[in-house]
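Asks: Please read through the structure below; I'll follow up with questions.
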Amino acid sequence: MLYQAPGLSEHISGVILHWETLFQSDAAGNKMVDLITRNGMIPGIKLDKGYDTAGIPGTAVGPLGHPETWDKGIDDLDARCKQAYAQGARFAKWRNVLQIDPVQGLPSDLAITLCVHNLAQYAVICQRSGLVPIVEPEIVPNGDHDISACAVATERVLVAQFEALKAHGCYLEGAVLKPNMVKNGLTGPKATPEEIAAATVTVLKRTVPVAMPGIFFLSGETALDEDNEEEATNNLNAINRLYPDLPWSVSFSYGKASQKTTIVTWMGDTANDPAAQQAILARSKANGDACKGKYVKGSCASVGVDGNILQAAGAY
């Protein structure tokens with residue numbers, strides 16, 4: 001349903017698939033990758049295998065309720081990259097998760113080191129197989145920290161990330177970065193979109209080489225009393241409105257913040273396909289406008305905060 005939304009490629013350039021979906025077909029026998037490419041988009045593939053909540057031995061338990069972690073999947077990554085490319089994928093993503101707890105010193109130097117080298121190794125293995133790697137060192141917003149704590153942690157992580165990419169021989173011009181925005185913790189003092197934009201751009205200017213062609217923000221978790229779709233669009237819009245001449249393309253790679261209204265509109269009922277397609281087109285256009293700093297706050301319909309619960313319990 002999503003892949004066939006008419007005109008979606010005007011605002012969405014690529015679609016990240018899970019491993020099983022890469023090899024699936026629809027009820028009519030059309031391969032998923034063919035549906036995507038026929039609608040003018042590029043298929044991509046999620047290659048990390050997630051993390052074990054047992055975590056890194058000796059590291060502290062963070063706001064997620066488990067120790068610090070790193071993702072699995074490197075051992076057979078080369079073979080899976082080749083399979084994915086043969087199936088039609090042309091880019092990939094790998095997400096590592098880091099936690100903030102200033103009192104306990106999280107993220108620790110050990111977790112950062114493991115995270116960034118894990119991502120760098122993934123990136124060069126992807127490039128060897130012809131896939132463009134999305135490098136995603138996500139610092140999750142769980143916790144009660146303020147925006148300055150996130151700024152400090154994000155700068156530490158990105159400095160280490162680009163050192164690791166250089167050490168592993170990653171071709172930066174053939175990769176993209178998917179970072180978190182610099183924001184307050186979910187239960188911390190609330191920052192405005194303008195404050196988020198200023199803190200985020202300051203960190204990026206200090207850490208990201210101009211050779212990196214694109215920065216595609218993840219939307220990240222938001223509090224249940226916030227509209228995650230509108231928040232993500234407004235934050236991206238503030239960055240591009242206030243800083244229109246950045247040396248990278250500054251865009252979005254949103255999951256839930258692209259799809260919440262669509263999911264709640266659809267809820268697995270094919271009779272709702274047309275309305276759901278209009279919902280994904282509207283939010284995608286809003287995010288596209290935000291990439292130019294042209295989005296008008298509140299101009300894209302959203303199911304709002306009530307949809308947070310419905311989405312979590314529904315078809316997503």
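Identifiers for the structure tokens are assigned positionally: chains receive A, B, ... in sequence, residues are indexed from 1 per chain, and ligands are indexed from 1 in the order shown.
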Enumerate the residues of stretch 37-251 of chain A with a DSSP assignment of strand (DSSP E), computed from the backbone, and present them as a PyMOL selection string.
Replies: chain A and resi 42-46+91-98+132-139+176-177+214-217+249-251
Asks: Can you tell me which residues surround A:Pro43 at a distance of at most 7 Å, considering only C-alpha atoms, apart from same-chain residues fewer than 5 positions away, and format the answer as a ChimeraX atom specification?
Replies: /A:14-16,33,36,88-90
Asks: Generate the output file for the selected residues, all heavy atoms, as an mmCIF file, in the first residue's frame.
Replies:
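Result saved to part.cif:
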data_model
loop_
_atom_site.group_PDB
_atom_site.id
_atom_site.type_symbol
_atom_site.label_atom_id
_atom_site.label_comp_id
_atom_site.auth_asym_id
_atom_site.auth_seq_id
_atom_site.Cartn_x
_atom_site.Cartn_y
_atom_site.Cartn_z
ATOM 1 N N GLY A 14 14.082 6.790 -0.821
ATOM 2 C CA GLY A 14 14.454 5.405 -0.550
ATOM 3 C C GLY A 14 13.580 4.791 0.524
ATOM 4 O O GLY A 14 12.976 5.495 1.337
ATOM 5 N N VAL A 15 13.515 3.472 0.525
ATOM 6 C CA VAL A 15 12.695 2.721 1.480
ATOM 7 C C VAL A 15 13.576 1.665 2.141
ATOM 8 O O VAL A 15 14.170 0.828 1.446
ATOM 9 C CB VAL A 15 11.504 2.043 0.782
ATOM 10 C CG1 VAL A 15 10.685 1.241 1.787
ATOM 11 C CG2 VAL A 15 10.634 3.065 0.066
ATOM 12 N N ILE A 16 13.669 1.696 3.472
ATOM 13 C CA ILE A 16 14.465 0.721 4.204
ATOM 14 C C ILE A 16 13.592 -0.479 4.546
ATOM 15 O O ILE A 16 12.568 -0.338 5.216
ATOM 16 C CB ILE A 16 15.045 1.335 5.489
ATOM 17 C CG1 ILE A 16 15.906 2.553 5.163
ATOM 18 C CG2 ILE A 16 15.865 0.295 6.258
ATOM 19 C CD1 ILE A 16 16.302 3.372 6.381
ATOM 20 N N VAL A 33 10.625 -5.151 -3.960
ATOM 21 C CA VAL A 33 11.645 -4.256 -4.514
ATOM 22 C C VAL A 33 11.198 -3.685 -5.854
ATOM 23 O O VAL A 33 11.514 -2.542 -6.198
ATOM 24 C CB VAL A 33 13.007 -4.960 -4.651
ATOM 25 C CG1 VAL A 33 13.595 -5.254 -3.287
ATOM 26 C CG2 VAL A 33 12.902 -6.230 -5.479
ATOM 27 N N ILE A 36 8.735 -0.825 -5.292
ATOM 28 C CA ILE A 36 9.443 0.382 -4.863
ATOM 29 C C ILE A 36 10.118 1.076 -6.050
ATOM 30 O O ILE A 36 9.971 2.281 -6.240
ATOM 31 C CB ILE A 36 10.470 0.017 -3.776
ATOM 32 C CG1 ILE A 36 9.742 -0.429 -2.498
ATOM 33 C CG2 ILE A 36 11.406 1.187 -3.478
ATOM 34 C CD1 ILE A 36 10.633 -1.113 -1.483
ATOM 35 N N GLY A 88 18.327 -6.498 -5.169
ATOM 36 C CA GLY A 88 17.910 -5.172 -5.631
ATOM 37 C C GLY A 88 18.149 -4.038 -4.664
ATOM 38 O O GLY A 88 17.899 -2.879 -4.992
ATOM 39 N N ALA A 89 18.633 -4.334 -3.450
ATOM 40 C CA ALA A 89 18.943 -3.262 -2.505
ATOM 41 C C ALA A 89 20.171 -2.489 -2.982
ATOM 42 O O ALA A 89 21.102 -3.073 -3.539
ATOM 43 C CB ALA A 89 19.193 -3.832 -1.118
ATOM 44 N N ARG A 90 20.158 -1.188 -2.752
ATOM 45 C CA ARG A 90 21.291 -0.363 -3.161
ATOM 46 C C ARG A 90 21.864 0.473 -2.022
ATOM 47 O O ARG A 90 22.842 1.178 -2.190
ATOM 48 C CB ARG A 90 20.891 0.547 -4.332
ATOM 49 C CG ARG A 90 20.635 -0.223 -5.621
ATOM 50 C CD ARG A 90 21.877 -0.939 -6.099
ATOM 51 N NE ARG A 90 21.685 -1.728 -7.312
ATOM 52 C CZ ARG A 90 21.418 -3.026 -7.326
ATOM 53 N NH1 ARG A 90 21.306 -3.692 -6.186
ATOM 54 N NH2 ARG A 90 21.273 -3.674 -8.466
#
Asks: Which residues are near A:Val250? Cut-off 7 Å, only C-alpha atoms, ignore same chain within fewer than 2 positions. Put them as a list in words.
Replies: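 Residues near the query, excluding close chain neighbours: Gly214, Ile215, Phe216, Trp248 and Cys291 of chain A.
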Asks: For A:Ala92, work out the shell of residues within 12 Å, counting only C-alpha atoms and skipping chain neighbours fewer than 5 positions away, then give it as an MDAnalysis selection string.
Replies: chainID A and resid 14:19 22 42:48 77 80:82 84:85 119 122:127 129:136 174:178
Asks: Point out the residue among A:Gly288, A:Pro179, A:Gly73, A:Gly293 with the least atom-to-atom distance to A:Ile12, counting only C-alpha atoms.
Replies: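 Under the stated criterion, the closest residue is A:Gly288.
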Asks: From the set A:Thr154, A:Asn184, A:Thr192, A:Asn30, which residue has the shortest atom-to-atom contact distance to A:Arg206, counting only C-alpha atoms?
Replies: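 Distance minimum relative to A:Arg206 lands on A:Thr154.
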Asks: Per DSSP on the backbone, what are the helix (DSSP H, G or I) residues of stretch 180-288 of chain A, as a count of residues only?
Replies: 60
Asks: Can you pull out the residues contacting A:Leu64? Cut-off 9 Å, using only C-alpha atoms, and skip same-chain residues under 5 positions away; I want them as a list in words.
Replies: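 Listed by chain and then number, they are Gln99, Val140, Asn142 and Gly143 of chain A.
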Asks: I'd like the neighbourhood of A:Leu110 as JSON, numbers by chain, where a residue qualifies if any of its atoms comes within 12 Å (using only C-alpha atoms), though same-chain residues fewer than 6 positions away should be ignored.
Replies: {"A": [55, 56, 57, 58, 59, 60, 67, 68, 69, 70, 98, 116, 117, 157, 160]}
Asks: Restricting it to N, CA and C atoms, dump the selection as an mmCIF file, in the first residue's frame.
Replies:
data_model
loop_
_atom_site.group_PDB
_atom_site.id
_atom_site.type_symbol
_atom_site.label_atom_id
_atom_site.label_comp_id
_atom_site.auth_asym_id
_atom_site.auth_seq_id
_atom_site.Cartn_x
_atom_site.Cartn_y
_atom_site.Cartn_z
ATOM 1 N N GLY A 55 24.028 -6.874 27.363
ATOM 2 C CA GLY A 55 24.907 -5.731 27.201
ATOM 3 C C GLY A 55 26.388 -6.024 27.296
ATOM 4 N N ILE A 56 27.148 -4.945 27.339
ATOM 5 C CA ILE A 56 28.601 -5.014 27.439
ATOM 6 C C ILE A 56 28.966 -5.308 28.893
ATOM 7 N N PRO A 57 29.699 -6.385 29.158
ATOM 8 C CA PRO A 57 30.038 -6.711 30.557
ATOM 9 C C PRO A 57 30.728 -5.548 31.257
ATOM 10 N N GLY A 58 30.267 -5.275 32.457
ATOM 11 C CA GLY A 58 30.894 -4.251 33.272
ATOM 12 C C GLY A 58 30.359 -2.849 33.075
ATOM 13 N N THR A 59 29.425 -2.659 32.120
ATOM 14 C CA THR A 59 28.880 -1.323 31.903
ATOM 15 C C THR A 59 27.620 -1.125 32.747
ATOM 16 N N ALA A 60 27.323 0.124 33.020
ATOM 17 C CA ALA A 60 26.215 0.461 33.912
ATOM 18 C C ALA A 60 24.870 0.301 33.203
ATOM 19 N N PRO A 67 22.248 -2.646 30.490
ATOM 20 C CA PRO A 67 23.575 -2.063 30.296
ATOM 21 C C PRO A 67 23.768 -1.541 28.869
ATOM 22 N N GLU A 68 24.906 -0.915 28.650
ATOM 23 C CA GLU A 68 25.241 -0.422 27.314
ATOM 24 C C GLU A 68 25.438 -1.600 26.356
ATOM 25 N N THR A 69 25.256 -1.344 25.059
ATOM 26 C CA THR A 69 25.176 -2.431 24.091
ATOM 27 C C THR A 69 25.946 -2.111 22.809
ATOM 28 N N TRP A 70 26.018 -3.132 21.947
ATOM 29 C CA TRP A 70 26.440 -2.958 20.563
ATOM 30 C C TRP A 70 25.670 -3.991 19.745
ATOM 31 N N LEU A 98 23.047 4.131 21.974
ATOM 32 C CA LEU A 98 23.805 4.620 23.118
ATOM 33 C C LEU A 98 22.853 5.350 24.064
ATOM 34 N N VAL A 116 31.190 2.788 17.534
ATOM 35 C CA VAL A 116 31.641 3.458 16.309
ATOM 36 C C VAL A 116 32.479 2.534 15.432
ATOM 37 N N HIS A 117 33.254 1.637 16.038
ATOM 38 C CA HIS A 117 34.034 0.711 15.215
ATOM 39 C C HIS A 117 33.141 -0.370 14.616
ATOM 40 N N VAL A 157 30.355 11.303 20.546
ATOM 41 C CA VAL A 157 30.088 10.145 19.687
ATOM 42 C C VAL A 157 30.468 10.427 18.242
ATOM 43 N N ALA A 160 34.228 10.507 17.594
ATOM 44 C CA ALA A 160 34.753 9.143 17.562
ATOM 45 C C ALA A 160 34.303 8.399 16.312
#
Asks: Which of these residues is nearest to A:Glu173, using only C-alpha atoms: A:Ala111, A:Leu8, A:Met212, A:Leu186?
Replies: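 Looking only at the distances to A:Glu173, the closest residue turns out to be A:Met212.
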Asks: For atom CA of A:Pro107 and atom CA of A:Ser253, quote the distance in Å rounded to one decimal.
Replies: 23.6 Å
Asks: Can you tell me which residues surround stretch 303-305 of chain A at a distance of at most 7 Å, considering only C-alpha atoms, apart from same-chain residues fewer than 3 positions away, and format the answer as a ChimeraX atom specification?
Replies: /A:224-227,261,308
Asks: Pick out the closest residue to A:Lys72 from this set: A:Tyr3, A:Phe91, A:Phe217, A:Tyr51. Count only C-alpha atoms.
Replies: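 Result for the nearest residue to A:Lys72: A:Tyr51.
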Asks: Given the choices A:Phe23, A:Pro244, A:Leu204, A:Gln277, which gets closest to A:Gln83 if the distance is worked out from only C-alpha atoms?
Replies: A:Phe23
Asks: Quick one: of A:Leu242, A:Val152, A:Ala79, A:Ile280, who's nearest to A:Gly105, counting only C-alpha atoms?
Replies: A:Val152
Asks: Tell me, in Å to one decimal, how far atom CA of A:Gly40 is from atom CA of A:Ser9.
Replies: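 Spanning atom CA of A:Gly40 to atom CA of A:Ser9 is a straight-line distance of 5.4 Å.
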Asks: Considering only C-alpha atoms, give me a table of residues in stretch 208-257 of chain A that are at most 7 Å from stretch 196-200 of chain A, with the closest atom pair and distance in Å for each, as CSV.
Replies:
residue,atom,partner,partner_atom,distance
A:Asn235,CA,A:Ala197,CA,6.6
A:Ala238,CA,A:Ala197,CA,5.9
A:Ile239,CA,A:Ala197,CA,4.6
